[in-house]
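One file, upload_4.cif, is given below (mmCIF, C-alpha atoms).
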```cif
data_upload
loop_
_atom_site.label_atom_id
_atom_site.label_comp_id
_atom_site.auth_asym_id
_atom_site.auth_seq_id
_atom_site.Cartn_x
_atom_site.Cartn_y
_atom_site.Cartn_z
CA MET A 1437 19.92 -5.13 32.22
CA GLY A 1438 22.83 -2.87 33.12
CA PHE A 1439 26.13 -1.88 31.63
CA GLU A 1440 27.78 -4.75 33.42
CA THR A 1441 25.87 -7.33 31.37
CA LEU A 1442 26.47 -5.38 28.20
CA LEU A 1443 30.22 -5.24 28.78
CA ALA A 1444 30.30 -8.90 29.82
CA ASP A 1445 28.46 -9.91 26.65
CA ILE A 1446 30.82 -7.95 24.48
CA ALA A 1447 33.73 -9.45 26.38
CA ALA A 1448 32.35 -12.93 25.75
CA ASP A 1449 32.42 -12.35 22.00
CA HIS A 1450 35.97 -13.49 21.99
CA LYS A 1451 38.37 -12.66 19.20
CA ARG A 1452 41.93 -13.56 18.54
CA LEU A 1453 44.27 -10.99 17.16
CA VAL A 1454 47.62 -12.07 15.75
CA VAL A 1455 50.35 -9.60 14.93
CA TYR A 1456 52.73 -10.84 12.24
CA ALA A 1457 56.07 -9.11 11.85
CA SER A 1458 59.56 -9.94 10.67
CA ASP A 1459 60.93 -8.61 13.96
CA THR A 1460 59.54 -7.58 17.36
CA THR A 1461 57.45 -4.72 15.90
CA GLY A 1462 54.02 -4.64 17.52
CA LYS A 1463 54.99 -6.81 20.45
CA ASP A 1464 53.75 -4.13 22.84
CA LEU A 1465 50.23 -4.30 21.36
CA THR A 1466 49.22 -6.74 24.08
CA GLU A 1467 49.68 -3.98 26.61
CA ARG A 1468 47.95 -1.38 24.45
CA LEU A 1469 44.81 -3.45 24.06
CA ALA A 1470 43.09 -4.58 27.18
CA THR A 1471 42.59 -8.28 26.78
CA ARG A 1472 39.11 -8.83 28.12
CA ASN A 1473 37.69 -10.03 24.87
CA LEU A 1474 40.82 -10.27 22.83
CA THR A 1475 43.69 -12.66 22.83
CA VAL A 1476 46.64 -10.85 21.37
CA GLU A 1477 49.52 -12.89 20.02
CA HIS A 1478 52.72 -11.94 18.31
CA ARG A 1479 54.22 -14.12 15.61
CA ARG A 1480 57.70 -13.34 14.42
CA LEU A 1481 58.43 -14.53 10.89
CA PRO A 1482 61.97 -13.41 10.02
CA SER A 1483 61.49 -14.15 6.33
CA LEU A 1484 58.11 -12.43 6.02
CA GLY A 1485 59.43 -9.68 3.74
CA ALA A 1486 56.49 -7.34 4.44
CA ASP A 1487 55.42 -4.64 6.87
CA ALA A 1488 53.83 -5.82 10.08
CA PHE A 1489 50.12 -6.62 9.90
CA VAL A 1490 47.36 -7.89 12.10
CA VAL A 1491 44.85 -10.70 11.56
CA VAL A 1492 41.59 -10.85 13.51
CA ARG A 1493 39.87 -14.21 13.91
CA ASP A 1494 36.78 -15.28 15.81
CA ALA A 1495 34.87 -18.52 16.30
CA GLU A 1496 33.79 -18.42 12.65
CA GLY A 1497 37.29 -18.03 11.28
CA PHE A 1498 39.01 -15.18 9.51
CA HIS A 1499 37.37 -11.86 10.27
CA GLY A 1500 39.74 -9.32 8.80
CA ALA A 1501 43.31 -8.17 8.39
CA LEU A 1502 44.92 -4.77 8.34
CA SER A 1503 48.35 -3.26 8.54
CA LEU A 1504 49.70 -2.64 12.03
CA SER A 1505 50.07 1.05 11.24
CA ASP A 1506 46.38 1.30 10.25
CA LEU A 1507 45.41 -0.41 13.49
CA LEU A 1508 47.55 1.91 15.59
CA GLY A 1509 46.03 4.87 13.77
CA PHE A 1510 42.57 3.55 14.50
CA LEU A 1511 43.33 2.97 18.17
CA ALA A 1512 44.79 6.38 18.87
CA PRO A 1513 41.99 8.60 20.17
CA PRO A 1514 40.39 10.69 18.93
CA ILE A 1515 39.00 8.09 16.62
CA HIS A 1516 39.61 8.98 13.02
CA ARG A 1517 36.57 7.81 11.29
CA PRO A 1518 35.24 8.82 7.93
CA GLY A 1519 32.04 10.79 8.38
CA ASP A 1520 30.05 8.84 5.88
CA ARG A 1521 30.08 5.23 6.79
CA GLU A 1522 28.33 4.19 3.59
CA SER A 1523 31.26 5.39 1.53
CA LEU A 1524 33.64 2.98 3.21
CA SER A 1525 34.56 -0.04 1.23
CA GLN A 1526 32.96 -3.22 2.43
CA ALA A 1527 36.28 -4.59 3.57
CA TYR A 1528 37.04 -1.51 5.61
CA ARG A 1529 33.63 -1.67 7.19
CA THR A 1530 34.32 -5.25 8.12
CA ILE A 1531 37.33 -4.25 10.14
CA TYR A 1532 35.50 -1.32 11.67
CA ASP A 1533 32.79 -3.71 12.69
CA VAL A 1534 35.39 -6.02 14.17
CA LEU A 1535 37.15 -3.32 16.07
CA ASP A 1536 34.14 -1.29 17.12
CA GLU A 1537 32.89 -4.13 19.20
CA THR A 1538 36.32 -5.33 20.06
CA VAL A 1539 38.08 -2.19 21.13
CA PHE A 1540 37.94 -2.77 24.79
CA VAL A 1541 40.68 -0.50 25.83
CA SER A 1542 42.22 1.01 28.88
CA LEU A 1543 41.84 4.74 28.72
CA ASP A 1544 42.67 7.60 30.98
CA ARG A 1545 40.42 10.65 31.43
CA ARG A 1546 42.11 12.63 28.68
CA GLN A 1547 41.55 9.85 26.15
CA LEU A 1548 37.98 9.35 27.29
CA LEU A 1549 37.33 13.04 26.78
CA ALA A 1550 38.70 12.83 23.26
CA THR A 1551 36.56 9.80 22.51
CA SER A 1552 33.48 11.46 24.03
CA ARG A 1553 34.15 14.49 21.86
CA GLU A 1554 34.11 12.30 18.75
CA LEU A 1555 30.66 10.97 19.71
CA GLU A 1556 29.35 14.44 20.59
CA ASP A 1557 30.59 15.77 17.25
CA ARG A 1558 28.72 13.05 15.50
CA ALA A 1559 25.53 14.00 17.33
CA TRP A 1560 26.18 17.66 16.52
CA ARG A 1561 26.59 17.00 12.82
CA THR A 1562 23.42 14.92 12.74
CA GLY A 1563 21.46 17.53 14.70
CA ARG A 1564 18.57 15.35 15.89
CA GLY A 1565 17.85 12.30 18.03
CA ARG A 1566 18.77 11.75 21.65
CA LEU A 1567 22.03 12.07 23.54
CA ASP A 1568 22.53 10.67 27.05
CA ALA A 1569 25.71 11.40 28.98
CA GLY A 1570 26.73 10.37 32.48
CA PHE A 1571 29.02 12.34 34.74
CA GLN A 1572 30.50 10.98 37.89
CA ARG A 1573 31.14 14.32 39.53
CA ALA A 1574 29.84 17.89 39.40
CA ASP A 1575 33.18 19.26 38.17
CA ALA A 1576 33.24 16.74 35.34
CA PHE A 1577 29.88 18.05 34.19
CA GLU A 1578 30.82 21.71 34.68
CA ALA A 1579 33.76 21.26 32.34
CA GLN A 1580 31.30 20.10 29.65
CA ALA A 1581 28.27 22.13 30.66
CA ASP A 1582 28.57 24.72 27.89
CA ILE A 1583 28.88 22.11 25.17
CA TYR A 1584 25.86 20.17 26.38
CA GLY A 1585 23.82 23.31 26.96
CA GLU A 1586 24.54 24.48 23.45
CA LEU A 1587 23.79 21.06 21.96
CA ALA A 1588 20.38 21.13 23.63
CA GLU A 1589 19.60 24.69 22.62
CA THR A 1590 20.88 24.90 19.06
CA THR A 1591 19.98 21.45 17.73
CA ASP A 1592 16.91 19.25 17.80
CA ILE A 1593 18.73 16.76 19.98
CA ASP A 1594 16.99 15.71 23.18
CA VAL A 1595 19.89 15.94 25.64
CA HIS A 1596 19.83 14.01 28.92
CA VAL A 1597 22.55 14.28 31.54
CA TYR A 1598 23.02 11.93 34.47
CA LEU A 1599 24.59 13.31 37.62
CA PRO A 1600 25.09 12.22 41.23
CA ALA A 1601 22.25 13.65 43.37
CA ASP A 1602 24.55 16.09 45.17
CA ALA A 1603 25.77 17.49 41.86
CA ALA A 1604 22.42 18.08 40.20
CA THR A 1605 22.44 21.79 41.10
CA ALA A 1606 25.30 22.20 38.63
CA VAL A 1607 22.66 22.16 35.90
CA ASP A 1608 20.66 25.04 37.34
CA GLY A 1609 19.85 27.60 34.70
CA ARG A 1610 20.27 25.16 31.84
CA GLY A 1611 16.62 24.47 31.35
CA SER A 1612 16.95 22.73 28.01
CA LEU A 1613 18.77 19.79 29.59
CA THR A 1614 16.91 16.90 31.15
CA VAL A 1615 18.63 15.87 34.37
CA HIS A 1616 18.62 12.40 35.92
CA THR A 1617 20.11 11.29 39.21
CA GLU A 1618 19.24 7.62 38.72
CA PRO A 1619 20.37 4.88 38.28
CA ALA A 1620 22.82 6.08 40.94
CA ASP A 1621 24.90 2.90 41.06
CA LEU A 1622 25.69 3.26 37.36
CA LEU A 1623 26.83 6.83 37.75
CA ASP A 1624 29.39 5.84 40.38
CA ARG A 1625 31.19 3.42 38.17
CA TYR A 1626 30.63 4.33 34.55
CA TRP A 1627 31.48 7.07 32.12
CA PHE A 1628 29.05 6.97 29.25
CA VAL A 1629 27.96 8.88 26.19
CA LEU A 1630 25.11 7.38 24.16
CA TYR A 1631 23.69 8.76 20.98
CA ASP A 1632 20.64 7.62 19.03
CA ASP A 1633 20.09 9.43 15.74
CA GLY A 1634 16.32 9.04 16.01
CA ARG A 1635 16.01 7.55 12.53
CA ASP A 1636 17.66 4.57 10.92
CA GLY A 1637 20.48 4.19 13.45
CA THR A 1638 23.34 4.69 11.00
CA GLN A 1639 24.73 7.52 13.14
CA ASN A 1640 24.20 5.77 16.46
CA CYS A 1641 27.19 5.41 18.72
CA ALA A 1642 28.03 4.74 22.33
CA LEU A 1643 30.93 4.88 24.72
CA VAL A 1644 30.64 2.95 27.96
CA ALA A 1645 33.67 2.89 30.24
CA GLU A 1646 34.03 1.43 33.68
CA LEU A 1647 36.24 2.98 36.32
CA THR A 1648 38.75 0.28 37.19
CA GLY A 1649 40.36 2.03 40.11
CA GLY A 1650 42.67 4.96 40.26
CA ARG A 1651 42.30 7.08 37.16
CA GLN A 1652 42.03 4.31 34.60
CA TYR A 1653 38.92 3.24 32.77
CA ARG A 1654 38.25 0.20 30.72
CA GLY A 1655 35.49 0.21 28.21
CA VAL A 1656 34.13 -0.15 24.75
CA TRP A 1657 32.97 2.16 22.06
CA THR A 1658 30.62 0.99 19.41
CA TYR A 1659 28.71 2.10 16.34
CA ASP A 1660 26.58 -1.02 16.30
CA PRO A 1661 22.91 0.11 16.54
CA GLU A 1662 21.91 -2.99 18.47
CA LEU A 1663 24.58 -2.47 21.12
CA VAL A 1664 23.76 1.25 21.33
CA GLU A 1665 20.14 0.33 21.89
CA ARG A 1666 21.14 -2.01 24.71
CA ALA A 1667 23.28 0.69 26.30
CA PHE A 1668 20.26 3.04 26.29
CA GLY A 1669 18.23 0.26 27.87
CA ALA A 1670 20.67 0.19 30.81
CA VAL A 1671 19.99 3.79 31.78
CA ARG A 1672 16.29 4.07 31.02
CA MET B 618 76.65 -32.42 -7.24
CA THR B 619 80.00 -30.93 -6.18
CA HIS B 620 80.80 -28.19 -3.73
CA SER B 621 83.08 -25.64 -5.32
CA GLY B 622 83.36 -23.30 -2.34
CA ASP B 623 81.51 -21.50 0.44
CA ASP B 624 78.94 -20.05 -1.94
CA ALA B 625 77.85 -23.38 -3.30
CA ILE B 626 74.22 -24.29 -2.85
CA GLU B 627 74.14 -26.91 -0.17
CA LEU B 628 72.38 -29.66 -1.97
CA GLY B 629 74.20 -32.13 0.21
CA ARG B 630 71.56 -31.63 2.89
CA VAL B 631 69.52 -34.34 1.26
CA ALA B 632 70.96 -37.66 0.38
CA ASP B 633 68.98 -38.19 -2.76
CA THR B 634 69.22 -35.35 -5.24
CA ARG B 635 66.50 -36.94 -7.36
CA GLN B 636 64.10 -35.27 -4.93
CA TYR B 637 65.12 -31.91 -6.35
CA PRO B 638 62.99 -30.14 -8.90
CA SER B 639 64.43 -29.63 -12.35
CA THR B 640 65.86 -26.15 -12.94
CA ASP B 641 62.84 -25.23 -15.07
CA SER B 642 60.45 -26.47 -12.42
CA LEU B 643 62.39 -24.60 -9.75
CA PHE B 644 62.22 -21.29 -11.58
CA ARG B 645 58.57 -21.80 -12.37
CA ALA B 646 58.01 -22.20 -8.64
CA LEU B 647 59.90 -18.97 -7.99
CA ALA B 648 58.22 -16.99 -10.75
CA ASN B 649 55.32 -15.76 -8.63
CA GLY B 650 55.30 -13.41 -5.64
CA LYS B 651 52.82 -15.36 -3.55
CA ARG B 652 54.76 -18.58 -4.08
CA ARG B 653 58.05 -16.89 -3.16
CA ARG B 654 56.48 -15.50 0.02
CA LEU B 655 55.03 -18.90 0.88
CA LEU B 656 58.40 -20.59 0.34
CA SER B 657 60.20 -17.84 2.28
CA VAL B 658 57.96 -18.24 5.29
CA LEU B 659 58.40 -22.01 5.20
CA THR B 660 62.19 -21.65 5.39
CA THR B 661 61.73 -20.75 9.07
CA GLU B 662 58.44 -22.57 9.80
CA PRO B 663 58.59 -26.29 9.01
CA ALA B 664 54.79 -26.54 8.74
CA LEU B 665 51.77 -24.25 8.76
CA SER B 666 48.06 -24.88 8.63
CA LEU B 667 46.47 -23.79 5.37
CA ASP B 668 44.41 -21.24 7.34
CA GLU B 669 47.43 -19.57 8.82
CA LEU B 670 49.29 -19.59 5.54
CA VAL B 671 46.35 -17.81 3.90
CA ASP B 672 46.25 -15.35 6.83
CA ILE B 673 49.92 -14.58 6.26
CA LEU B 674 49.63 -14.13 2.50
CA VAL B 675 46.51 -11.98 2.78
CA GLY B 676 48.09 -9.86 5.49
CA ALA B 677 51.45 -9.48 3.79
CA GLU B 678 50.14 -8.75 0.30
CA HIS B 679 46.77 -7.06 0.67
CA THR B 680 46.79 -4.77 3.69
CA SER B 681 48.87 -1.86 2.37
CA ASP B 682 45.75 -0.12 0.99
CA GLY B 683 43.46 -0.70 3.95
CA ALA B 684 41.77 -3.59 5.66
CA VAL B 685 40.70 -6.79 3.95
CA GLY B 686 37.75 -9.00 4.77
CA PRO B 687 36.72 -12.62 4.32
CA THR B 688 35.96 -12.28 0.59
CA GLU B 689 39.58 -11.56 -0.25
CA TRP B 690 40.69 -14.29 2.13
CA THR B 691 38.59 -16.87 0.31
CA ARG B 692 39.93 -15.69 -3.03
CA VAL B 693 43.53 -16.18 -1.87
CA GLU B 694 42.71 -19.57 -0.36
CA THR B 695 41.20 -20.73 -3.64
CA GLU B 696 44.24 -19.49 -5.55
CA LEU B 697 46.57 -21.36 -3.19
CA VAL B 698 44.65 -24.62 -3.23
CA HIS B 699 44.02 -24.69 -6.97
CA THR B 700 47.20 -23.19 -8.36
CA HIS B 701 50.15 -22.55 -6.10
CA LEU B 702 50.16 -25.54 -3.78
CA PRO B 703 49.74 -28.14 -6.54
CA LEU B 704 52.60 -26.53 -8.47
CA LEU B 705 54.90 -26.46 -5.44
CA ASP B 706 53.88 -29.96 -4.44
CA GLU B 707 54.65 -31.17 -7.95
CA ALA B 708 58.06 -29.49 -7.77
CA GLY B 709 58.74 -31.36 -4.54
CA LEU B 710 59.20 -28.16 -2.50
CA VAL B 711 56.18 -28.52 -0.23
CA SER B 712 53.63 -31.15 0.64
CA TYR B 713 50.00 -30.33 1.18
CA GLU B 714 47.84 -32.77 3.04
CA ASP B 715 44.97 -32.57 5.55
CA GLU B 716 44.96 -28.77 5.47
CA VAL B 717 48.62 -28.64 6.51
CA VAL B 718 51.42 -27.31 4.34
CA ARG B 719 54.85 -28.75 5.10
CA ARG B 720 58.14 -27.87 3.60
CA CYS B 721 60.15 -30.56 1.85
CA GLU B 722 63.88 -30.71 2.25
CA PRO B 723 64.85 -29.27 -1.15
CA LEU B 724 63.19 -26.01 -0.07
CA LEU B 725 66.01 -25.38 2.39
CA ALA B 726 68.44 -25.09 -0.48
CA LEU B 727 66.51 -22.04 -1.68
CA GLU B 728 67.03 -19.89 1.40
CA ASP B 729 69.65 -17.70 -0.27
CA VAL B 730 67.80 -17.18 -3.52
CA LEU B 731 64.61 -16.33 -1.61
CA ALA B 732 66.48 -13.86 0.59
CA PHE B 733 67.93 -12.31 -2.55
CA ALA B 734 64.45 -12.05 -4.09
CA ARG B 735 63.12 -10.29 -1.00
CA GLU B 736 65.99 -7.80 -1.03
CA TYR B 737 65.66 -7.27 -4.75
CA GLU B 738 61.95 -6.70 -4.47
CA ALA B 739 62.37 -4.30 -1.55
CA ALA B 740 64.96 -2.34 -3.52
CA THR B 741 63.02 -2.16 -6.78
CA THR B 742 59.43 -1.55 -5.68
#
```

Please express what this file holds, its structure, as structure tokens.
Amino acid sequence: MGFETLLADIAADHKRLVVYASDTTGKDLTERLATRNLTVEHRRLPSLGADAFVVVRDAEGFHGALSLSDLLGFLAPPIHRPGDRESLSQAYRTIYDVLDETVFVSLDRRQLLATSRELEDRAWRTGRGRLDAGFQRADAFEAQADIYGELAETTDIDVHVYLPADAATAVDGRGSLTVHTEPADLLDRYWFVLYDDGRDGTQNCALVAELTGGRQYRGVWTYDPELVERAFGAVR
Amino acid sequence: MTHSGDDAIELGRVADTRQYPSTDSLFRALANGKRRRLLSVLTTEPALSLDELVDILVGAEHTSDGAVGPTEWTRVETELVHTHLPLLDEAGLVSYEDEVVRRCEPLLALEDVLAFAREYEAATT
């Protein structure tokens, strides 16, 4: 099972997001969120008398609500996420859970780098487990080579990098990294960073983004251990 | 009911003023923030499903300190169904049937007082 199935499954878990505002605030959210697994609607209620907010619903009904400004803060990479997930209130976790699996956004390379950095930081802070990262080109890897080399050497993390066959020499001299050139078809199309904490999965995270032509990517990031496990399954 | 000028409440919009709540009943209806919000929203939306009304109240009143989940939603729904909607229904301002909340005509006469309450609240909180 590849990334394609994973992304399709996440896309099929359809949610409806409704922005409520007394004016046109938040109307542009439809463009900011790719709509593969989200229907975004805007409801203008002139007599609302409150700041704009967002309600997320799925097949089972109400899933969560948060202020529009909290949502925009959450969506702006790098992801601001409290380090200790357990300390989050249950309600906040609910919305993280909603959005983690729902944030299927269009990102450019700069934003993907910022998001990747968030995941790498998380691995760094945890200091163990396994990190798999795919690079579509040699220069993309070279830009990150020092970070990955250091991660492999200074932590107990088992670091695997995936590169196109003609770029594999870029890793020469970085013996602590495990290099893969397969599955080649995945490397062409996807940018991915997968992290498994090697223990209970509470630190697991994954970013899987598909090149949609030009310089834009569309993808999902998740902290759901089950989805992270499936993402690992696609490259192993 | 007579019209003394432009500022007069337009009770003439309904033929039968016996449909109107008594003044005490009216102010009881207005004496709660959730009920005022509910009435306010219904001044521009003739009818809303109970689900959406709860969505709106939860979103408008409970998201300033972070996200809210289904537990809070259920709490607000219970409060609406057991307290606020029966009171407003009794006052003749809304009807609640088959999970749909509809405004009744007397509610339209409250547009100005509800707008004032929103401005007052915004200015004092």

Find the spatial neighbours of A:Ala1645, counting all atoms listed in the file, within a cut-off of 10 Å - ignore same-chain residues fewer than 2 positions away - and output them as a PyMOL selection string.
-> chain A and resi 1439+1443+1540-1543+1548+1625-1629+1642-1643+1647-1648+1652-1657

Calculate how many Å separate atom CA of A:Ala1495 from atom CA of A:Arg1452, rounding to one decimal.
->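 Atom CA of A:Ala1495 sits 8.9 Å away from atom CA of A:Arg1452.
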
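Distance annotation: of B:Val671, B:Ala677, B:Val693, B:Leu643, the residue with the minimal separation from B:Leu724 is B:Leu643; atom set is only C-alpha atoms.
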
Residues returned when the PyMOL selection byres ((chain A and resi 1489) around 6) runs on this file, as a VMD selection string | (chain A and resid 1455 to 1456 1488 1490 1502 to 1504) or (chain B and resid 676)

Determine the residue membership of the PyMOL selection byres ((chain B) within 9 of (chain A)) for the file above and supply it as a ChimeraX atom specification.
-> /B:654-655,657-662,668,672-673,675-690,731-732,735-736,739

Distance query B:Ser712 at most 10 Å, only C-alpha atoms, self and fewer than 4 positions along chain excluded, as a list in words |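 Selected residues are Ala664, Leu702, Pro703, Leu705, Asp706, Glu707, Ala708, Val717, Val718, Arg719, Arg720 and Cys721 of chain B.
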
Decode the PyMOL selection byres ((chain A and resi 1594-1603) around 8) for the given file into explicit residues and return them as number ranges by chain.
-> A: 1564-1574, 1577, 1584, 1587-1588, 1592-1593, 1604-1606, 1612-1618, 1620, 1623-1624
